[in-house]
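Containing mmCIF, C-alpha atoms: start_29.cif.
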data_entry
loop_
_atom_site.label_atom_id
_atom_site.label_comp_id
_atom_site.auth_asym_id
_atom_site.auth_seq_id
_atom_site.Cartn_x
_atom_site.Cartn_y
_atom_site.Cartn_z
CA MET A 28 -1.60 -3.64 -7.92
CA ILE A 29 -1.66 0.12 -8.34
CA ALA A 30 1.12 2.37 -7.04
CA LEU A 31 -0.83 3.60 -3.99
CA GLN A 32 -1.53 0.03 -2.89
CA ARG A 33 2.14 -0.85 -3.29
CA HIS A 34 3.16 2.22 -1.29
CA ARG A 35 0.86 1.22 1.57
CA SER A 36 2.26 -2.31 1.59
CA ILE A 37 5.86 -1.06 1.46
CA VAL A 38 5.31 1.40 4.33
CA ARG A 39 3.70 -1.32 6.42
CA GLN A 40 6.55 -3.77 5.81
CA VAL A 41 9.21 -1.17 6.60
CA THR A 42 7.34 -0.14 9.76
CA ASP A 43 6.98 -3.73 10.94
CA ALA A 44 10.48 -4.97 10.07
CA GLY A 45 12.53 -1.78 10.37
CA ALA A 46 14.26 -2.54 7.05
CA VAL A 47 13.38 -4.20 3.76
CA ARG A 48 15.23 -5.35 0.64
CA VAL A 49 14.26 -4.45 -2.93
CA ALA A 50 14.42 -8.08 -4.02
CA ASP A 51 12.08 -9.20 -1.24
CA LEU A 52 9.57 -6.43 -1.96
CA ALA A 53 9.59 -7.20 -5.69
CA ARG A 54 8.90 -10.87 -4.96
CA ASP A 55 6.15 -10.17 -2.39
CA LEU A 56 4.38 -7.56 -4.54
CA GLU A 57 4.97 -9.41 -7.83
CA VAL A 58 6.54 -6.48 -9.67
CA THR A 59 9.99 -5.75 -11.05
CA GLU A 60 12.83 -4.51 -8.88
CA GLU A 61 12.96 -1.33 -10.97
CA THR A 62 9.32 -0.63 -10.05
CA ILE A 63 10.16 -1.07 -6.38
CA ARG A 64 13.15 1.27 -6.70
CA ARG A 65 10.85 3.94 -8.18
CA ASP A 66 8.38 3.41 -5.32
CA LEU A 67 11.14 3.74 -2.74
CA ARG A 68 12.38 6.92 -4.41
CA VAL A 69 8.90 8.47 -4.13
CA LEU A 70 8.47 7.42 -0.49
CA ASP A 71 11.96 8.65 0.37
CA GLU A 72 11.16 12.07 -1.12
CA GLN A 73 8.00 12.19 1.00
CA GLY A 74 10.06 11.45 4.11
CA VAL A 75 8.20 8.22 4.89
CA LEU A 76 11.31 6.02 4.75
CA ALA A 77 14.99 6.25 3.89
CA ARG A 78 16.43 4.48 0.86
CA THR A 79 19.55 2.41 1.33
CA HIS A 80 21.72 0.40 -1.01
CA GLY A 81 19.46 -2.48 -1.95
CA GLY A 82 16.44 -1.50 0.12
CA ALA A 83 15.01 0.93 2.66
CA VAL A 84 14.83 1.54 6.40
CA THR A 85 12.52 3.39 8.76
CA VAL A 86 13.24 7.03 9.42
CA GLU A 87 12.24 9.32 12.26
CA PRO A 88 10.74 12.55 10.92
CA ASP A 89 12.76 15.69 11.57
CA PRO A 90 10.23 17.96 13.31
CA ASP A 91 12.43 21.04 12.94
CA GLU A 92 12.54 20.77 9.15
CA ASP A 93 9.37 19.00 8.05
CA ARG A 94 6.34 21.29 8.04
CA ARG A 95 4.36 19.05 5.70
CA ASP A 96 1.72 16.68 6.96
CA LEU A 97 1.98 13.26 5.34
CA PRO A 98 -0.83 12.24 2.95
CA TYR A 99 -3.66 10.39 4.67
CA ASP A 100 -3.01 7.09 2.89
CA LEU A 101 0.58 6.98 4.07
CA ARG A 102 -0.34 7.99 7.63
CA HIS A 103 -2.99 5.27 7.61
CA ALA A 104 -0.37 2.68 6.64
CA THR A 105 2.06 3.67 9.40
CA ASN A 106 1.93 1.71 12.69
CA PRO A 107 -1.40 0.07 11.74
CA VAL A 108 -1.34 -2.59 14.47
CA GLN A 109 -0.75 -0.02 17.21
CA LYS A 110 -3.43 2.31 15.88
CA ASP A 111 -5.97 -0.51 15.63
CA ALA A 112 -5.37 -1.46 19.26
CA ILE A 113 -5.76 2.16 20.39
CA ALA A 114 -8.95 2.59 18.34
CA ARG A 115 -10.46 -0.57 19.83
CA ALA A 116 -9.78 0.68 23.34
CA ALA A 117 -11.34 4.06 22.55
CA ALA A 118 -14.43 2.45 21.03
CA GLN A 119 -15.15 0.61 24.28
CA SER A 120 -15.91 3.92 25.99
CA LEU A 121 -18.53 5.10 23.49
CA ARG A 122 -22.09 5.34 24.76
CA PRO A 123 -25.37 5.85 22.84
CA GLY A 124 -26.57 9.43 22.81
CA GLN A 125 -23.13 10.99 23.17
CA VAL A 126 -21.94 13.98 21.16
CA ILE A 127 -18.32 13.36 20.21
CA ALA A 128 -15.74 14.94 17.92
CA LEU A 129 -13.16 13.14 15.79
CA ASP A 130 -10.14 14.87 14.30
CA PRO A 131 -8.78 13.78 10.89
CA SER A 132 -5.97 11.65 12.32
CA SER A 133 -5.61 8.13 10.95
CA THR A 134 -6.25 6.70 14.43
CA ALA A 135 -9.52 8.62 14.81
CA CYS A 136 -10.54 7.39 11.37
CA ARG A 137 -9.92 3.83 12.54
CA LEU A 138 -12.12 4.58 15.54
CA ALA A 139 -14.87 5.78 13.18
CA ARG A 140 -14.90 2.35 11.54
CA LEU A 141 -15.75 0.82 14.92
CA ILE A 142 -18.68 3.12 15.70
CA PRO A 143 -21.91 1.09 15.76
CA ASP A 144 -25.04 2.24 13.97
CA GLU A 145 -26.61 3.55 17.16
CA PRO A 146 -27.80 7.02 18.25
CA LEU A 147 -24.67 9.17 18.36
CA THR A 148 -23.64 12.60 17.10
CA VAL A 149 -20.19 12.91 15.51
CA VAL A 150 -18.59 16.27 14.79
CA THR A 151 -15.62 16.14 12.43
CA ASN A 152 -13.57 18.00 9.85
CA SER A 153 -12.48 14.70 8.32
CA LEU A 154 -13.78 13.76 4.89
CA VAL A 155 -12.76 10.16 5.62
CA VAL A 156 -14.85 10.02 8.81
CA CYS A 157 -17.85 11.47 6.97
CA SER A 158 -17.51 8.81 4.29
CA ILE A 159 -17.14 5.97 6.80
CA LEU A 160 -20.25 7.01 8.73
CA SER A 161 -22.37 7.92 5.72
CA GLY A 162 -24.14 4.56 5.83
CA HIS A 163 -25.02 4.77 9.54
CA ARG A 164 -28.65 5.87 9.69
CA ALA A 165 -28.70 6.29 13.47
CA VAL A 166 -25.52 8.38 13.61
CA GLU A 167 -25.83 12.12 13.05
CA VAL A 168 -22.69 13.47 11.37
CA ILE A 169 -21.90 17.18 11.58
CA CYS A 170 -19.17 18.22 9.14
CA THR A 171 -17.47 21.52 9.90
CA GLY A 172 -16.82 22.39 6.28
CA GLY A 173 -13.98 24.70 5.35
CA THR A 174 -11.17 24.52 2.83
CA LEU A 175 -10.45 20.96 1.72
CA ASP A 176 -6.89 19.70 1.96
CA PRO A 177 -6.94 16.79 -0.53
CA GLU A 178 -3.81 15.17 0.89
CA ALA A 179 -5.04 15.26 4.49
CA MET A 180 -8.60 14.41 3.33
CA ALA A 181 -9.89 17.02 5.79
CA PHE A 182 -11.17 20.59 6.04
CA PHE A 183 -9.20 23.46 7.57
CA GLY A 184 -9.28 27.24 7.79
CA LEU A 185 -11.30 30.02 9.39
CA GLN A 186 -14.66 28.52 8.40
CA THR A 187 -13.72 25.25 10.10
CA GLN A 188 -12.64 27.03 13.27
CA ALA A 189 -15.78 29.19 13.32
CA ALA A 190 -18.01 26.12 13.02
CA LEU A 191 -16.24 24.43 15.93
CA GLU A 192 -16.56 27.52 18.12
CA LYS A 193 -20.36 27.30 17.80
CA LEU A 194 -20.49 23.69 18.97
CA SER A 195 -20.16 21.92 22.30
CA VAL A 196 -19.17 18.26 22.40
CA GLU A 197 -18.94 15.87 25.31
CA ARG A 198 -15.77 14.19 24.20
CA LEU A 199 -13.02 14.78 21.66
CA PHE A 200 -10.89 11.96 20.28
CA PHE A 201 -7.77 13.42 18.69
CA SER A 202 -4.14 12.75 17.95
CA CYS A 203 -0.99 14.83 17.54
CA ARG A 204 2.24 14.85 15.60
CA GLY A 205 4.35 14.94 18.76
CA LEU A 206 4.05 14.99 22.55
CA ASP A 207 6.83 16.84 24.34
CA LEU A 208 6.57 17.04 28.13
CA GLN A 209 8.04 20.54 28.34
CA ARG A 210 6.58 22.27 25.30
CA GLY A 211 3.34 20.36 24.82
CA LEU A 212 1.42 18.92 21.89
CA SER A 213 2.51 19.83 18.39
CA GLU A 214 1.46 19.58 14.76
CA ALA A 215 3.19 19.83 11.40
CA ASN A 216 1.87 23.29 10.49
CA GLU A 217 -0.15 26.23 11.73
CA ARG A 218 -3.50 25.42 10.15
CA HIS A 219 -3.57 21.89 11.54
CA ALA A 220 -2.62 23.25 14.97
CA ALA A 221 -5.29 25.98 14.84
CA VAL A 222 -8.13 23.58 14.06
CA LYS A 223 -6.89 21.10 16.68
CA LEU A 224 -6.97 23.85 19.29
CA SER A 225 -10.52 24.84 18.28
CA MET A 226 -11.59 21.23 18.70
CA ILE A 227 -10.08 21.09 22.18
CA ARG A 228 -11.88 24.27 23.19
CA SER A 229 -15.23 22.84 22.06
CA ALA A 230 -14.88 19.67 24.14
CA GLN A 231 -15.73 18.92 27.75
CA ARG A 232 -13.33 15.96 27.83
CA CYS A 233 -10.35 15.31 25.55
CA THR A 234 -8.98 11.85 24.82
CA LEU A 235 -5.61 11.78 23.09
CA LEU A 236 -4.98 8.81 20.80
CA ALA A 237 -1.24 8.49 20.24
CA ASP A 238 0.94 5.52 19.44
CA ARG A 239 4.16 5.34 21.45
CA SER A 240 6.32 6.64 18.59
CA LYS A 241 4.94 10.14 19.34
CA LEU A 242 5.95 10.17 23.01
CA GLY A 243 8.83 12.57 23.55
CA LEU A 244 8.67 14.00 20.03
CA ALA A 245 8.29 17.66 19.15
CA SER A 246 6.94 18.75 15.77
CA THR A 247 6.89 22.24 14.26
CA VAL A 248 3.95 24.10 15.85
CA PHE A 249 3.06 23.75 19.53
CA TYR A 250 -0.60 24.46 20.24
CA SER A 251 -1.39 23.19 23.74
CA PRO A 252 0.17 21.91 26.98
CA VAL A 253 -0.03 18.14 27.37
CA ASP A 254 -2.40 18.33 30.33
CA VAL A 255 -5.20 19.60 28.08
CA ALA A 256 -5.74 15.88 27.54
CA HIS A 257 -7.81 14.32 30.29
CA GLU A 258 -6.91 10.87 28.99
CA LEU A 259 -4.22 9.27 26.82
CA ILE A 260 -4.67 5.91 25.09
CA VAL A 261 -1.30 4.54 23.93
CA ASP A 262 0.17 1.18 23.01
CA ARG A 263 2.32 0.04 25.93
CA PRO A 264 5.90 1.40 25.61
CA ASP A 265 8.76 -0.93 26.47
CA ASP A 266 11.78 1.40 26.34
CA PRO A 267 12.88 3.41 29.41
CA ASP A 268 12.56 6.88 27.84
CA ARG A 269 8.95 6.42 26.76
CA ARG A 270 8.02 4.70 30.00
CA ALA A 271 9.36 7.78 31.78
CA VAL A 272 7.03 9.95 29.66
CA VAL A 273 4.06 7.79 30.65
CA SER A 274 5.03 8.04 34.32
CA ASP A 275 5.32 11.82 34.11
CA LEU A 276 1.91 12.13 32.44
CA ARG A 277 0.30 10.10 35.21
CA GLN A 278 1.92 12.33 37.83
CA ARG A 279 0.28 15.31 36.11
CA GLY A 280 -3.12 13.73 36.66
CA ILE A 281 -3.66 12.46 33.11
CA ASP A 282 -5.47 9.13 32.93
CA VAL A 283 -3.08 7.02 30.84
CA ARG A 284 -4.52 3.83 29.42
CA GLU A 285 -1.88 1.49 28.01
CA VAL A 286 -3.08 -1.15 25.56
CA ASP A 287 -1.34 -4.35 24.55
CA LEU A 288 -1.13 -5.56 20.99
CA ILE A 289 -2.93 -8.74 20.03
CA PRO A 290 -0.45 -11.66 19.76
CA ASP A 291 0.61 -12.27 16.17
CA ALA A 292 -1.26 -9.12 15.16
CA ARG A 293 1.61 -8.01 12.96
CA ARG A 294 1.19 -11.08 10.82
CA GLN A 295 -2.57 -10.64 10.70
CA ALA A 296 -2.53 -6.94 9.74
#

In structure tokens, how does this file's structure come out?
Amino acid sequence: MIALQRHRSIVRQVTDAGAVRVADLARDLEVTEETIRRDLRVLDEQGVLARTHGGAVTVEPDPDEDRRDLPYDLRHATNPVQKDAIARAAAQSLRPGQVIALDPSSTACRLARLIPDEPLTVVTNSLVVCSILSGHRAVEVICTGGTLDPEAMAFFGLQTQAALEKLSVERLFFSCRGLDLQRGLSEANERHAAVKLSMIRSAQRCTLLADRSKLGLASTVFYSPVDVAHELIVDRPDDPDRRAVVSDLRQRGIDVREVDLIPDARRQA
């Protein structure tokens, strides 16, 4: 198993369990404990988890200090069960002939995997989405182009924004780094925020795909009030603070769709 595969597995186990032990990871992944310690050191430096004596635990990102977006592969491995449930719910609303836009979020990429090979136009700045849909003959894919960010696996910059400004889409499916009721939606840095805002401006209807960990969080750059989203699809929160966020969003007129996780999905993922 290569390092990237181990990192994905480690992130998933830490996300699911909240904490893991070096000895258990070494046994599960069939490598030495020293290899696992090196992996945990790398993931700790990237801010994905926090090393402890003998293992690692989950860590909430510090939005006031972290201006880096996490690499796509690590984002993809975080909260996979929740993101799959959200993507499935979003896919149910797709209709043949629509013109939609997908941002480069890991949840939108999961949605792309569920798109059938039927007449549909997909606008995206995501290299991952383009790759996923490349074998769909009936799906027209419009890539914005721009400057490639190899870690995000997506295009950004003035060229990307200019391409989006020339397009009109029926529906945008997008995510965010944080959703704060007072200050709005936020991203890790300015260029991500700028492209996200251009996508919103090009869309007639905006559907926000956000797992519950993002409710109440504020990242570095705020780019839009929360009510720019006509709809939010989120895995059903069970704690009082996040339930209060959901209630507030509904009072603002946002159509909040809460999805339940499939029983035993964590063991199946």

Which stretch 200-257 of chain A residues have any atom within 12 Å of an atom of stretch 149-164 of chain A, and for each, what is the nearest pair of atoms with distance in Å to one decimal, counting only C-alpha atoms, rows sorted by chain and number, as JSON lines?
{"residue": "A:Phe200", "atom": "CA", "partner": "A:Thr151", "partner_atom": "CA", "distance": 10.1}
{"residue": "A:Phe201", "atom": "CA", "partner": "A:Thr151", "partner_atom": "CA", "distance": 10.4}
{"residue": "A:His219", "atom": "CA", "partner": "A:Asn152", "partner_atom": "CA", "distance": 10.9}
{"residue": "A:Val222", "atom": "CA", "partner": "A:Asn152", "partner_atom": "CA", "distance": 8.9}
{"residue": "A:Lys223", "atom": "CA", "partner": "A:Asn152", "partner_atom": "CA", "distance": 10.0}
{"residue": "A:Ser225", "atom": "CA", "partner": "A:Asn152", "partner_atom": "CA", "distance": 11.3}
{"residue": "A:Met226", "atom": "CA", "partner": "A:Thr151", "partner_atom": "CA", "distance": 9.0}
{"residue": "A:Ser229", "atom": "CA", "partner": "A:Val150", "partner_atom": "CA", "distance": 10.4}
{"residue": "A:Ala230", "atom": "CA", "partner": "A:Val150", "partner_atom": "CA", "distance": 10.6}

Output file for the residues above (C-alpha atoms, as a compact mmCIF listing (two decimals), in the coordinates of the input):
# COMPACT_ATOMS: atom_id res chain seq x y z
CA PHE A 200 -10.89 11.96 20.28
CA PHE A 201 -7.77 13.42 18.69
CA HIS A 219 -3.57 21.89 11.54
CA VAL A 222 -8.13 23.58 14.06
CA LYS A 223 -6.89 21.10 16.68
CA SER A 225 -10.52 24.84 18.28
CA MET A 226 -11.59 21.23 18.70
CA SER A 229 -15.23 22.84 22.06
CA ALA A 230 -14.88 19.67 24.14

What's the separation between atom CA of A:Ala139 and atom CA of A:Leu185, in Å to one decimal place?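 The value is 24.8 Å.
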
Which neighbours of A:Val166 fall inside 6 Å, counting only C-alpha atoms, when residues of the same chain fewer than 3 positions from it are skipped, and could you give them as a ChimeraX atom specification? /A:146-148,163

Let's have the selection written as an mmCIF file, keeping the file's coordinate frame, with C-alpha atoms.
data_model
loop_
_atom_site.group_PDB
_atom_site.id
_atom_site.type_symbol
_atom_site.label_atom_id
_atom_site.label_comp_id
_atom_site.auth_asym_id
_atom_site.auth_seq_id
_atom_site.Cartn_x
_atom_site.Cartn_y
_atom_site.Cartn_z
ATOM 1 C CA PRO A 146 -27.800 7.020 18.250
ATOM 2 C CA LEU A 147 -24.670 9.170 18.360
ATOM 3 C CA THR A 148 -23.640 12.600 17.100
ATOM 4 C CA HIS A 163 -25.020 4.770 9.540
#

Which residues would end up in the selection if the PyMOL selection byres ((chain A and resi 83) around 7) were applied here, given that I need the answer as a short mmCIF file (atom, residue, chain, number, x, y, z; two decimals) with C-alpha atoms, in the frame of the given file?
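Final file, expr-v7.cif:
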data_model
loop_
_atom_site.label_atom_id
_atom_site.label_comp_id
_atom_site.auth_asym_id
_atom_site.auth_seq_id
_atom_site.Cartn_x
_atom_site.Cartn_y
_atom_site.Cartn_z
CA ALA A 46 14.26 -2.54 7.05
CA VAL A 47 13.38 -4.20 3.76
CA ARG A 48 15.23 -5.35 0.64
CA LEU A 76 11.31 6.02 4.75
CA ALA A 77 14.99 6.25 3.89
CA ARG A 78 16.43 4.48 0.86
CA THR A 79 19.55 2.41 1.33
CA GLY A 82 16.44 -1.50 0.12
CA VAL A 84 14.83 1.54 6.40
#

Mind checking which residues fall within 9 Å of stretch 237-251 of chain A, counting all atoms listed in the file, ignoring those fewer than 4 positions away in the same chain, and posting them as a JSON list (two decimals) with C-alpha atoms, keeping the file's coordinate frame?
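What ended up in result_39.json:
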[["chain", "number", "residue", "atom", "x", "y", "z"],
["A", 88, "PRO", "CA", 10.74, 12.55, 10.92],
["A", 89, "ASP", "CA", 12.76, 15.69, 11.57],
["A", 90, "PRO", "CA", 10.23, 17.96, 13.31],
["A", 91, "ASP", "CA", 12.43, 21.04, 12.94],
["A", 92, "GLU", "CA", 12.54, 20.77, 9.15],
["A", 93, "ASP", "CA", 9.37, 19.00, 8.05],
["A", 94, "ARG", "CA", 6.34, 21.29, 8.04],
["A", 106, "ASN", "CA", 1.93, 1.71, 12.69],
["A", 109, "GLN", "CA", -0.75, -0.02, 17.21],
["A", 110, "LYS", "CA", -3.43, 2.31, 15.88],
["A", 113, "ILE", "CA", -5.76, 2.16, 20.39],
["A", 134, "THR", "CA", -6.25, 6.70, 14.43],
["A", 201, "PHE", "CA", -7.77, 13.42, 18.69],
["A", 202, "SER", "CA", -4.14, 12.75, 17.95],
["A", 203, "CYS", "CA", -0.99, 14.83, 17.54],
["A", 204, "ARG", "CA", 2.24, 14.85, 15.60],
["A", 205, "GLY", "CA", 4.35, 14.94, 18.76],
["A", 206, "LEU", "CA", 4.05, 14.99, 22.55],
["A", 207, "ASP", "CA", 6.83, 16.84, 24.34],
["A", 208, "LEU", "CA", 6.57, 17.04, 28.13],
["A", 210, "ARG", "CA", 6.58, 22.27, 25.30],
["A", 211, "GLY", "CA", 3.34, 20.36, 24.82],
["A", 212, "LEU", "CA", 1.42, 18.92, 21.89],
["A", 213, "SER", "CA", 2.51, 19.83, 18.39],
["A", 214, "GLU", "CA", 1.46, 19.58, 14.76],
["A", 215, "ALA", "CA", 3.19, 19.83, 11.40],
["A", 216, "ASN", "CA", 1.87, 23.29, 10.49],
["A", 217, "GLU", "CA", -0.15, 26.23, 11.73],
["A", 219, "HIS", "CA", -3.57, 21.89, 11.54],
["A", 220, "ALA", "CA", -2.62, 23.25, 14.97],
["A", 221, "ALA", "CA", -5.29, 25.98, 14.84],
["A", 223, "LYS", "CA", -6.89, 21.10, 16.68],
["A", 224, "LEU", "CA", -6.97, 23.85, 19.29],
["A", 255, "VAL", "CA", -5.20, 19.60, 28.08],
["A", 259, "LEU", "CA", -4.22, 9.27, 26.82],
["A", 260, "ILE", "CA", -4.67, 5.91, 25.09],
["A", 261, "VAL", "CA", -1.30, 4.54, 23.93],
["A", 262, "ASP", "CA", 0.17, 1.18, 23.01],
["A", 263, "ARG", "CA", 2.32, 0.04, 25.93],
["A", 264, "PRO", "CA", 5.90, 1.40, 25.61],
["A", 268, "ASP", "CA", 12.56, 6.88, 27.84],
["A", 269, "ARG", "CA", 8.95, 6.42, 26.76],
["A", 272, "VAL", "CA", 7.03, 9.95, 29.66],
["A", 273, "VAL", "CA", 4.06, 7.79, 30.65]]

Residue with the minimum atom-to-atom distance to A:Pro252, picked from A:Pro267, A:Arg279, A:Ala165, A:Ala114 with all atoms listed in the file counted, is A:Arg279

Do you have the atom CA of A:Leu67-atom CA of A:Arg137 distance handy? 26.0 Å

Pick out the closest residue to A:Asp66 from this set: A:Ala181, A:Leu52, A:Ser133, A:Thr85. Count all atoms listed in the file.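 Of the candidates, the smallest distance to A:Asp66 is held by A:Leu52.
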
May I ask which of the residues A:Arg284, A:Arg122, A:Arg277, A:Arg39 is the closest one to A:Val108, counting all atoms listed in the file?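 When distances to A:Val108 are compared using all atoms listed in the file, the smallest one comes from A:Arg39.
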
Could you check which of A:Leu121, A:Ala135, A:Ile37, A:Ala189 is closest to A:Asp55, using all atoms listed in the file?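 Closest candidate: A:Ile37.
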
Ranking A:Val196, A:Ala179, A:Leu191, A:Val41 by minimum distance to A:Ile127 and counting only C-alpha atoms, which one comes first?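 Checking each of A:Val196, A:Ala179, A:Leu191, A:Val41 against A:Ile127, counting only C-alpha atoms, the winner is A:Val196.
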